[in-house]
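Q: To be precise about what I am sending: the file is called start27.cif and holds mmCIF, C-alpha atoms and all ligand atoms.
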```cif
data_structure
loop_
_atom_site.label_atom_id
_atom_site.label_comp_id
_atom_site.auth_asym_id
_atom_site.auth_seq_id
_atom_site.Cartn_x
_atom_site.Cartn_y
_atom_site.Cartn_z
CA MET A 1 -33.33 117.44 -20.56
CA LYS A 2 -29.93 116.37 -19.29
CA ARG A 3 -29.23 112.67 -19.66
CA LEU A 4 -27.03 110.70 -17.35
CA GLY A 5 -26.19 107.09 -18.27
CA ILE A 6 -25.19 104.65 -15.53
CA THR A 7 -23.19 102.05 -17.37
CA ASN A 8 -20.85 99.13 -16.84
CA GLN A 9 -21.25 95.82 -18.62
CA LYS A 10 -20.05 94.03 -15.49
CA GLY A 11 -22.93 92.55 -13.52
CA GLY A 12 -23.79 93.42 -9.95
CA VAL A 13 -21.68 96.58 -9.57
CA ALA A 14 -24.65 98.66 -8.30
CA LYS A 15 -25.82 100.27 -11.57
CA THR A 16 -29.45 99.93 -10.52
CA THR A 17 -28.80 100.92 -6.89
CA ASN A 18 -26.92 104.02 -8.00
CA THR A 19 -29.53 104.93 -10.61
CA ILE A 20 -32.29 104.84 -8.00
CA ASN A 21 -30.34 106.83 -5.41
CA ILE A 22 -28.95 109.40 -7.83
CA ALA A 23 -32.46 109.89 -9.24
CA GLY A 24 -33.69 110.29 -5.66
CA ALA A 25 -30.93 112.76 -4.82
CA LEU A 26 -31.64 114.84 -7.94
CA ALA A 27 -35.36 114.87 -7.11
CA ASP A 28 -34.48 115.89 -3.54
CA ARG A 29 -32.78 118.96 -5.02
CA GLY A 30 -36.12 119.90 -6.55
CA LEU A 31 -35.44 118.68 -10.08
CA ASP A 32 -37.99 116.83 -12.21
CA VAL A 33 -36.38 113.47 -12.82
CA LEU A 34 -37.12 110.55 -15.12
CA ALA A 35 -35.47 107.24 -14.19
CA ILE A 36 -35.23 105.05 -17.28
CA ASP A 37 -34.90 101.28 -16.94
CA ALA A 38 -33.01 100.18 -20.06
CA ASP A 39 -32.26 96.72 -18.66
CA PRO A 40 -34.42 93.92 -20.11
CA GLN A 41 -34.24 92.23 -16.72
CA GLY A 42 -36.13 95.19 -15.29
CA TYR A 43 -34.61 95.25 -11.81
CA LEU A 44 -35.11 98.97 -11.39
CA THR A 45 -38.75 98.58 -12.41
CA HIS A 46 -39.17 95.72 -9.95
CA ARG A 47 -37.28 97.34 -7.09
CA LEU A 48 -39.50 100.41 -7.32
CA GLY A 49 -42.65 98.27 -7.25
CA PHE A 50 -43.81 98.26 -10.86
CA GLU A 51 -43.77 94.57 -11.76
CA ASP A 52 -47.25 95.01 -13.27
CA ALA A 53 -45.85 97.46 -15.80
CA TYR A 54 -42.96 95.08 -16.51
CA LEU A 55 -45.35 92.21 -17.27
CA SER A 56 -47.99 94.31 -19.04
CA ASP A 57 -49.03 93.55 -22.64
CA ASP A 58 -49.69 97.23 -23.30
CA GLU A 59 -47.43 99.27 -25.52
CA SER A 60 -44.14 99.74 -23.73
CA PHE A 61 -40.58 101.03 -23.87
CA TYR A 62 -39.88 98.03 -26.14
CA ASP A 63 -42.30 99.33 -28.78
CA ALA A 64 -40.89 102.85 -28.49
CA PHE A 65 -37.34 101.54 -28.86
CA THR A 66 -38.41 99.57 -31.91
CA ALA A 67 -40.16 102.48 -33.65
CA PRO A 68 -39.06 105.75 -32.01
CA ALA A 69 -40.82 107.96 -34.52
CA ASP A 70 -44.20 106.52 -33.53
CA TYR A 71 -43.92 107.04 -29.75
CA ASN A 72 -43.47 109.73 -27.21
CA ILE A 73 -42.00 108.56 -23.95
CA ARG A 74 -44.17 110.99 -21.98
CA ASP A 75 -47.03 108.59 -22.79
CA LEU A 76 -45.13 105.63 -21.33
CA ALA A 77 -43.71 107.17 -18.14
CA ILE A 78 -45.37 106.36 -14.84
CA PRO A 79 -45.24 108.33 -11.59
CA HIS A 80 -43.32 107.23 -8.50
CA ALA A 81 -43.41 109.17 -5.22
CA GLU A 82 -39.96 110.69 -5.84
CA PHE A 83 -39.60 110.84 -9.63
CA ASP A 84 -41.11 109.40 -12.81
CA ILE A 85 -40.10 106.05 -14.28
CA LEU A 86 -39.90 104.74 -17.80
CA PRO A 87 -40.28 101.07 -16.92
CA SER A 88 -38.63 98.16 -18.63
CA ASN A 89 -40.90 95.48 -20.07
CA ILE A 90 -40.49 91.74 -20.46
CA ASP A 91 -40.60 92.22 -24.27
CA MET A 92 -37.24 94.00 -23.98
CA PHE A 93 -35.63 90.54 -23.93
CA HIS A 94 -36.10 90.56 -27.73
CA LEU A 95 -34.54 93.97 -28.11
CA GLU A 96 -30.85 93.09 -28.09
CA GLN A 97 -31.38 90.51 -30.87
CA ASP A 98 -33.65 92.89 -32.83
CA LEU A 99 -31.03 95.62 -32.70
CA ILE A 100 -28.20 93.29 -33.72
CA ALA A 101 -30.26 92.06 -36.68
CA ALA A 102 -30.95 95.66 -37.71
CA GLY A 103 -27.26 96.69 -38.11
CA MET A 104 -25.42 99.86 -36.97
CA ARG A 105 -27.98 102.63 -37.34
CA PRO A 106 -30.34 101.44 -34.59
CA ARG A 107 -27.79 102.44 -31.99
CA LEU A 108 -29.20 105.96 -32.11
CA ARG A 109 -32.79 105.03 -31.37
CA LEU A 110 -32.79 105.92 -27.68
CA LYS A 111 -31.15 109.24 -28.51
CA SER A 112 -33.87 110.02 -31.02
CA LEU A 113 -36.55 109.04 -28.48
CA LEU A 114 -35.08 111.44 -25.93
CA ASP A 115 -34.00 114.33 -28.17
CA ASP A 116 -37.31 116.17 -28.15
CA VAL A 117 -38.30 115.42 -24.58
CA ASP A 118 -38.40 118.40 -22.25
CA GLU A 119 -40.90 117.39 -19.54
CA TRP A 120 -38.10 116.53 -17.12
CA ASP A 121 -34.94 118.35 -16.10
CA VAL A 122 -32.84 115.22 -16.11
CA ALA A 123 -33.08 111.57 -17.12
CA VAL A 124 -31.00 108.94 -15.30
CA ILE A 125 -30.66 105.75 -17.31
CA ASP A 126 -29.91 102.32 -15.85
CA ALA A 127 -27.98 100.36 -18.51
CA PRO A 128 -27.98 96.56 -18.80
CA PRO A 129 -24.98 94.41 -17.84
CA SER A 130 -23.76 93.89 -21.41
CA LEU A 131 -21.66 95.66 -24.03
CA GLY A 132 -24.36 95.05 -26.64
CA PRO A 133 -26.49 97.45 -28.65
CA ILE A 134 -28.80 98.48 -25.79
CA ASN A 135 -25.77 99.73 -23.88
CA ASP A 136 -24.53 101.46 -27.03
CA ASN A 137 -27.91 103.18 -27.26
CA VAL A 138 -27.61 104.38 -23.66
CA VAL A 139 -24.07 105.66 -24.23
CA LEU A 140 -24.95 107.49 -27.45
CA ALA A 141 -28.09 109.00 -25.91
CA CYS A 142 -26.21 110.45 -22.94
CA GLU A 143 -23.76 113.29 -22.93
CA ARG A 144 -22.76 112.23 -19.42
CA LEU A 145 -21.83 108.79 -18.11
CA LEU A 146 -21.23 107.54 -14.60
CA VAL A 147 -19.46 104.22 -14.26
CA PRO A 148 -20.17 102.18 -11.13
CA VAL A 149 -17.42 99.74 -10.23
CA GLU A 150 -16.46 97.58 -7.31
CA ALA A 151 -13.07 97.74 -5.64
CA ASP A 152 -11.64 94.59 -7.21
CA ALA A 153 -9.38 93.47 -10.03
CA SER A 154 -12.22 92.28 -12.27
CA SER A 155 -13.74 95.77 -12.18
CA GLN A 156 -10.45 97.19 -13.48
CA LEU A 157 -10.61 94.77 -16.41
CA ALA A 158 -14.26 95.64 -17.02
CA VAL A 159 -13.47 99.37 -17.11
CA ASN A 160 -10.73 98.76 -19.69
CA HIS A 161 -13.23 96.86 -21.87
CA LEU A 162 -15.78 99.63 -21.45
CA LEU A 163 -13.25 102.34 -22.38
CA ARG A 164 -12.36 100.41 -25.53
CA GLN A 165 -16.03 100.20 -26.48
CA LEU A 166 -16.46 103.95 -25.85
CA ASP A 167 -13.48 104.64 -28.15
CA THR A 168 -15.10 102.52 -30.87
CA LEU A 169 -18.40 104.37 -30.52
CA GLU A 170 -16.65 107.75 -30.59
CA ALA A 171 -14.86 106.79 -33.80
CA ASN A 172 -17.91 105.25 -35.50
CA TYR A 173 -20.33 108.00 -34.55
CA GLU A 174 -17.94 110.98 -34.65
CA THR A 175 -18.96 112.01 -31.19
CA THR A 176 -17.32 112.67 -27.84
CA ILE A 177 -18.32 110.55 -24.87
CA ASP A 178 -17.37 111.81 -21.43
CA ILE A 179 -17.14 109.83 -18.24
CA GLU A 180 -18.35 112.23 -15.55
CA GLY A 181 -17.39 110.11 -12.60
CA ILE A 182 -16.58 106.71 -11.17
CA VAL A 183 -18.72 105.39 -8.32
CA VAL A 184 -16.91 102.70 -6.38
CA SER A 185 -19.86 100.89 -4.86
CA ASN A 186 -20.48 98.50 -2.04
CA VAL A 187 -17.18 99.44 -0.41
CA ASP A 188 -16.44 97.65 2.83
CA TYR A 189 -13.87 99.06 5.24
CA PRO A 190 -11.26 98.06 6.27
CA LEU A 191 -10.09 97.51 2.70
CA ASP A 192 -8.10 94.37 1.98
CA ASN A 193 -5.07 94.50 -0.33
CA GLU A 194 -7.03 93.81 -3.51
CA GLN A 195 -9.54 96.52 -2.66
CA ARG A 196 -6.80 99.02 -1.83
CA ASP A 197 -4.98 98.23 -5.10
CA ALA A 198 -8.22 98.69 -7.01
CA MET A 199 -9.02 102.01 -5.29
CA ASP A 200 -5.49 103.25 -6.06
CA TRP A 201 -5.87 102.16 -9.68
CA PHE A 202 -9.20 103.99 -10.10
CA ASP A 203 -7.76 107.10 -8.46
CA GLY A 204 -4.67 106.99 -10.65
CA ARG A 205 -6.57 106.24 -13.85
CA PHE A 206 -9.42 108.74 -13.36
CA GLY A 207 -8.88 110.85 -10.25
CA GLU A 208 -7.02 113.62 -11.99
CA HIS A 209 -9.82 114.23 -14.49
CA VAL A 210 -13.07 113.10 -12.90
CA PRO A 211 -14.33 112.46 -9.39
CA VAL A 212 -14.02 108.98 -7.93
CA TRP A 213 -16.76 108.59 -5.31
CA ALA A 214 -17.01 105.74 -2.81
CA VAL A 215 -20.40 104.43 -1.68
CA ARG A 216 -20.05 102.15 1.31
CA ARG A 217 -22.04 98.99 1.87
CA ARG A 218 -25.06 100.00 3.91
CA VAL A 219 -28.08 97.96 4.85
CA ALA A 220 -30.14 101.19 4.81
CA ILE A 221 -29.60 101.33 1.03
CA LYS A 222 -31.05 97.84 0.63
CA ARG A 223 -33.90 98.54 3.03
CA ALA A 224 -34.89 101.71 1.19
CA MET A 225 -35.01 99.78 -2.08
CA ASP A 226 -36.95 96.97 -0.39
CA SER A 227 -39.61 99.58 0.30
CA GLY A 228 -39.52 100.77 -3.31
CA GLN A 229 -37.63 104.01 -2.84
CA SER A 230 -34.26 105.72 -2.62
CA LEU A 231 -32.47 106.93 0.52
CA PHE A 232 -34.24 110.25 -0.13
CA GLY A 233 -37.75 108.77 -0.09
CA GLU A 234 -40.39 109.58 2.50
CA GLY A 235 -39.57 107.82 5.76
CA ALA A 236 -36.26 106.31 4.56
CA GLU A 237 -33.91 105.84 7.50
CA GLU A 238 -30.92 108.12 8.07
CA CYS A 239 -27.82 106.97 6.22
CA ASP A 240 -24.42 108.62 5.85
CA MET A 241 -24.34 107.63 2.16
CA ARG A 242 -27.05 110.22 1.43
CA ASP A 243 -24.25 112.80 1.48
CA VAL A 244 -22.33 110.95 -1.21
CA TYR A 245 -25.40 110.73 -3.45
CA ALA A 246 -26.21 114.39 -2.75
CA THR A 247 -22.66 115.32 -3.84
CA ILE A 248 -23.02 113.30 -7.05
CA ALA A 249 -26.38 114.95 -7.72
CA ALA A 250 -24.91 118.41 -7.14
CA GLU A 251 -22.17 117.68 -9.67
CA VAL A 252 -24.69 116.43 -12.23
CA ALA A 253 -27.13 119.28 -11.64
CA ASP A 254 -24.57 122.11 -11.78
CA ASP A 255 -22.70 120.96 -14.80
N1 LIG B 301 -23.93 100.46 -1.18
C1 LIG B 301 -24.59 99.29 -1.07
N2 LIG B 301 -24.91 98.80 0.13
C2 LIG B 301 -25.56 97.62 0.25
N3 LIG B 301 -25.95 96.86 -0.78
C3 LIG B 301 -25.67 97.31 -2.02
C4 LIG B 301 -24.99 98.55 -2.24
N4 LIG B 301 -24.85 98.73 -3.57
C5 LIG B 301 -25.41 97.66 -4.16
N5 LIG B 301 -25.90 96.79 -3.24
C6 LIG B 301 -26.52 95.49 -3.50
O1 LIG B 301 -25.69 94.80 -4.43
C7 LIG B 301 -26.48 94.06 -5.34
C8 LIG B 301 -26.16 94.46 -6.77
O2 LIG B 301 -26.60 95.80 -6.97
P1 LIG B 301 -27.37 96.24 -8.28
O3 LIG B 301 -28.50 95.34 -8.60
O4 LIG B 301 -27.65 97.68 -8.10
O5 LIG B 301 -26.20 96.04 -9.35
P2 LIG B 301 -26.32 96.13 -10.94
O6 LIG B 301 -24.99 96.58 -11.45
O7 LIG B 301 -27.48 96.94 -11.34
O8 LIG B 301 -26.58 94.60 -11.32
P3 LIG B 301 -26.93 94.03 -12.80
O9 LIG B 301 -25.63 94.02 -13.52
O10 LIG B 301 -27.49 92.68 -12.52
O11 LIG B 301 -27.93 94.97 -13.40
C9 LIG B 301 -27.92 94.30 -4.95
O12 LIG B 301 -28.35 93.24 -4.12
C10 LIG B 301 -27.87 95.61 -4.17
O13 LIG B 301 -28.91 95.69 -3.22
MG MG B 302 -29.01 96.49 -12.65
#
```
Would you encode the structure as structure tokens?
A:
Amino acid sequence: MKRLGITNQKGGVAKTTNTINIAGALADRGLDVLAIDADPQGYLTHRLGFEDAYLSDDESFYDAFTAPADYNIRDLAIPHAEFDILPSNIDMFHLEQDLIAAGMRPRLRLKSLLDDVDEWDVAVIDAPPSLGPINDNVVLACERLLVPVEADASSQLAVNHLLRQLDTLEANYETTIDIEGIVVSNVDYPLDNEQRDAMDWFDGRFGEHVPVWAVRRRVAIKRAMDSGQSLFGEGAEECDMRDVYATIAAEVADD
């Protein structure tokens, strides 16, 4: 199973929106997809209509994260019309503290949970808005990362912080972490000067090595999520941003 992490510790840069639509685009290509909600706030789980799972007292992703050897995520995944979901759970609010208390090793728990899974072709993982140990778990579990950003100066700063954290993880875990692409999200044309500067910076910093995609602000994206699906879901309205997500999915699928 390929694993694609959608990560940026900065809040509100469309991690969850991109996870849902990239999962939808991959499923639209005929792939079996698992969307994993690794954010304790559970927005992906909520947006897709599974608040019951989020609030459930049953064994959950939290328990699996806490004791990976005792769980198989195929028992915790639930079906959605487009793809399967590993929902977040309200207990995940303890997870960051649990992992910090447990030291360095627990940063490989998500990787060990996913290593033997082959029910799906690809997992797309929505990371939380923090540089803490849950995010480290997502990064170390994924051979591919996509970084959503917004076209502003604070996103440039956030990317520099993220790159520093990736360097630290590479050194500590003797591994290579590759950014597969940058998704500049919620772009509004015409660009103002700050947005243009930011776009130029992302192109200059990454454009030579990895694709820099732009997803424009579209109410159709919000409306699709309001009805619990991606732009590729049954009955979702036409939207030009489907092409961008289809291009991202093609890159992920072919690689
Ligand atoms: N292309 C877009 N068009 C319209 N609205 C968008 C687009 N991308 C994101 N949004 C909206 O922007 C807001 C933030 O998006 P989202 O929740 O996906 O960000 P996030 O990075 O996951 O946030 P958090 O850091 O809180 O997890 C949401 O209200 C979402 O609906
Ligand atoms: Mg989110």
Q: Please find the residues contacting ligand LIG 301 (chain B) at a distance of at most 6 Å between atoms, with all atoms listed in the file counted, and report them as a ChimeraX atom specification.
A: /A:10-17,128-129,185-186,215-219,221-222
Q: For the atom pair atom CA of A:Gly228 and atom CA of A:Leu140, what is the interatomic distance in Å to one decimal place?
A: 29.0 Å
Q: What does the structure give for the distance between atom CA of A:Leu26 and atom CA of A:Gly233, in Å to one decimal?
A: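 Atom-to-atom, atom CA of A:Leu26 to atom CA of A:Gly233, that is 11.7 Å.
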Q: If we count only C-alpha atoms and set the cut-off at 9 Å, which residues sit around A:Val124, ignoring sequence neighbours fewer than 4 positions away in its own chain? Please answer as a PDB file with C-alpha atoms, keeping the file's coordinate frame.
A:
```
ATOM      1  CA  LYS A   2     -29.930 116.370 -19.290  1.00  0.00           C
ATOM      2  CA  ARG A   3     -29.230 112.670 -19.660  1.00  0.00           C
ATOM      3  CA  LEU A   4     -27.030 110.700 -17.350  1.00  0.00           C
ATOM      4  CA  GLY A   5     -26.190 107.090 -18.270  1.00  0.00           C
ATOM      5  CA  ILE A   6     -25.190 104.650 -15.530  1.00  0.00           C
ATOM      6  CA  THR A  19     -29.530 104.930 -10.610  1.00  0.00           C
ATOM      7  CA  ILE A  20     -32.290 104.840  -8.000  1.00  0.00           C
ATOM      8  CA  ILE A  22     -28.950 109.400  -7.830  1.00  0.00           C
ATOM      9  CA  ALA A  23     -32.460 109.890  -9.240  1.00  0.00           C
ATOM     10  CA  VAL A  33     -36.380 113.470 -12.820  1.00  0.00           C
ATOM     11  CA  LEU A  34     -37.120 110.550 -15.120  1.00  0.00           C
ATOM     12  CA  ALA A  35     -35.470 107.240 -14.190  1.00  0.00           C
ATOM     13  CA  ILE A  36     -35.230 105.050 -17.280  1.00  0.00           C
ATOM     14  CA  ASP A  37     -34.900 101.280 -16.940  1.00  0.00           C
TER      15      ASP A  37
END
```
Q: Quick one: contact table of stretch 103-193 of chain A to stretch 76-82 of chain A, 12 Å max, nearest atom pair and distance in Å to one decimal per residue, counting all atoms listed in the file, chain and number order, as a Markdown table?
A:
```
| residue | atom | partner | partner_atom | distance |
| --- | --- | --- | --- | --- |
| A:Leu113 | CA | A:Leu76 | CA | 11.7 |
| A:Val117 | CA | A:Ala77 | CA | 11.8 |
| A:Glu119 | CA | A:Ala77 | CA | 10.7 |
| A:Trp120 | CA | A:Ala77 | CA | 11.0 |
| A:Ala123 | CA | A:Ala77 | CA | 11.5 |
```
Q: Give me the residues within 12 Å of A:Ala250 as a JSON list (two decimals) with C-alpha atoms, in the frame of the given file, counting only C-alpha atoms and dropping any in the same chain fewer than 5 places off.
A:
```
[["chain", "number", "residue", "atom", "x", "y", "z"],
["A", 22, "ILE", "CA", -28.95, 109.40, -7.83],
["A", 23, "ALA", "CA", -32.46, 109.89, -9.24],
["A", 25, "ALA", "CA", -30.93, 112.76, -4.82],
["A", 26, "LEU", "CA", -31.64, 114.84, -7.94],
["A", 27, "ALA", "CA", -35.36, 114.87, -7.11],
["A", 28, "ASP", "CA", -34.48, 115.89, -3.54],
["A", 29, "ARG", "CA", -32.78, 118.96, -5.02],
["A", 30, "GLY", "CA", -36.12, 119.90, -6.55],
["A", 31, "LEU", "CA", -35.44, 118.68, -10.08],
["A", 243, "ASP", "CA", -24.25, 112.80, 1.48],
["A", 244, "VAL", "CA", -22.33, 110.95, -1.21],
["A", 245, "TYR", "CA", -25.40, 110.73, -3.45],
["A", 255, "ASP", "CA", -22.70, 120.96, -14.80]]
```
Q: Grab the atom CA of A:Ile134 to atom CA of A:Glu96 distance for me, in Å with one decimal place.
A: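 Atom-to-atom, atom CA of A:Ile134 and atom CA of A:Glu96 are spaced 6.2 Å apart.
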Q: Every residue with an atom at most 10 Å from (-38.3, 95.4, -14.8) (file coordinates; all atoms listed in the file) is what I'm after, so could you write them as a count of residues only?
A: 25
Q: Would you pick out the contacts of A:Trp213 at 8 Å or less, using all atoms listed in the file, so that residues sharing its chain but fewer than 2 positions from it are not included, and give the list as a list in words?
A: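 Neighbouring residues, sequence-local ones excluded: Gly181, Ile182, Val183, Val184, Pro211, Val215 and Val244 of chain A.
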Q: Hey, can you spit out that residue selection with C-alpha atoms as a JSON list (two decimals), in the frame of the given file?
A:
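Ended up saving to result-v5.json:
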```json
[["chain", "number", "residue", "atom", "x", "y", "z"],
["A", 181, "GLY", "CA", -17.39, 110.11, -12.60],
["A", 182, "ILE", "CA", -16.58, 106.71, -11.17],
["A", 183, "VAL", "CA", -18.72, 105.39, -8.32],
["A", 184, "VAL", "CA", -16.91, 102.70, -6.38],
["A", 211, "PRO", "CA", -14.33, 112.46, -9.39],
["A", 215, "VAL", "CA", -20.40, 104.43, -1.68],
["A", 244, "VAL", "CA", -22.33, 110.95, -1.21]]
```
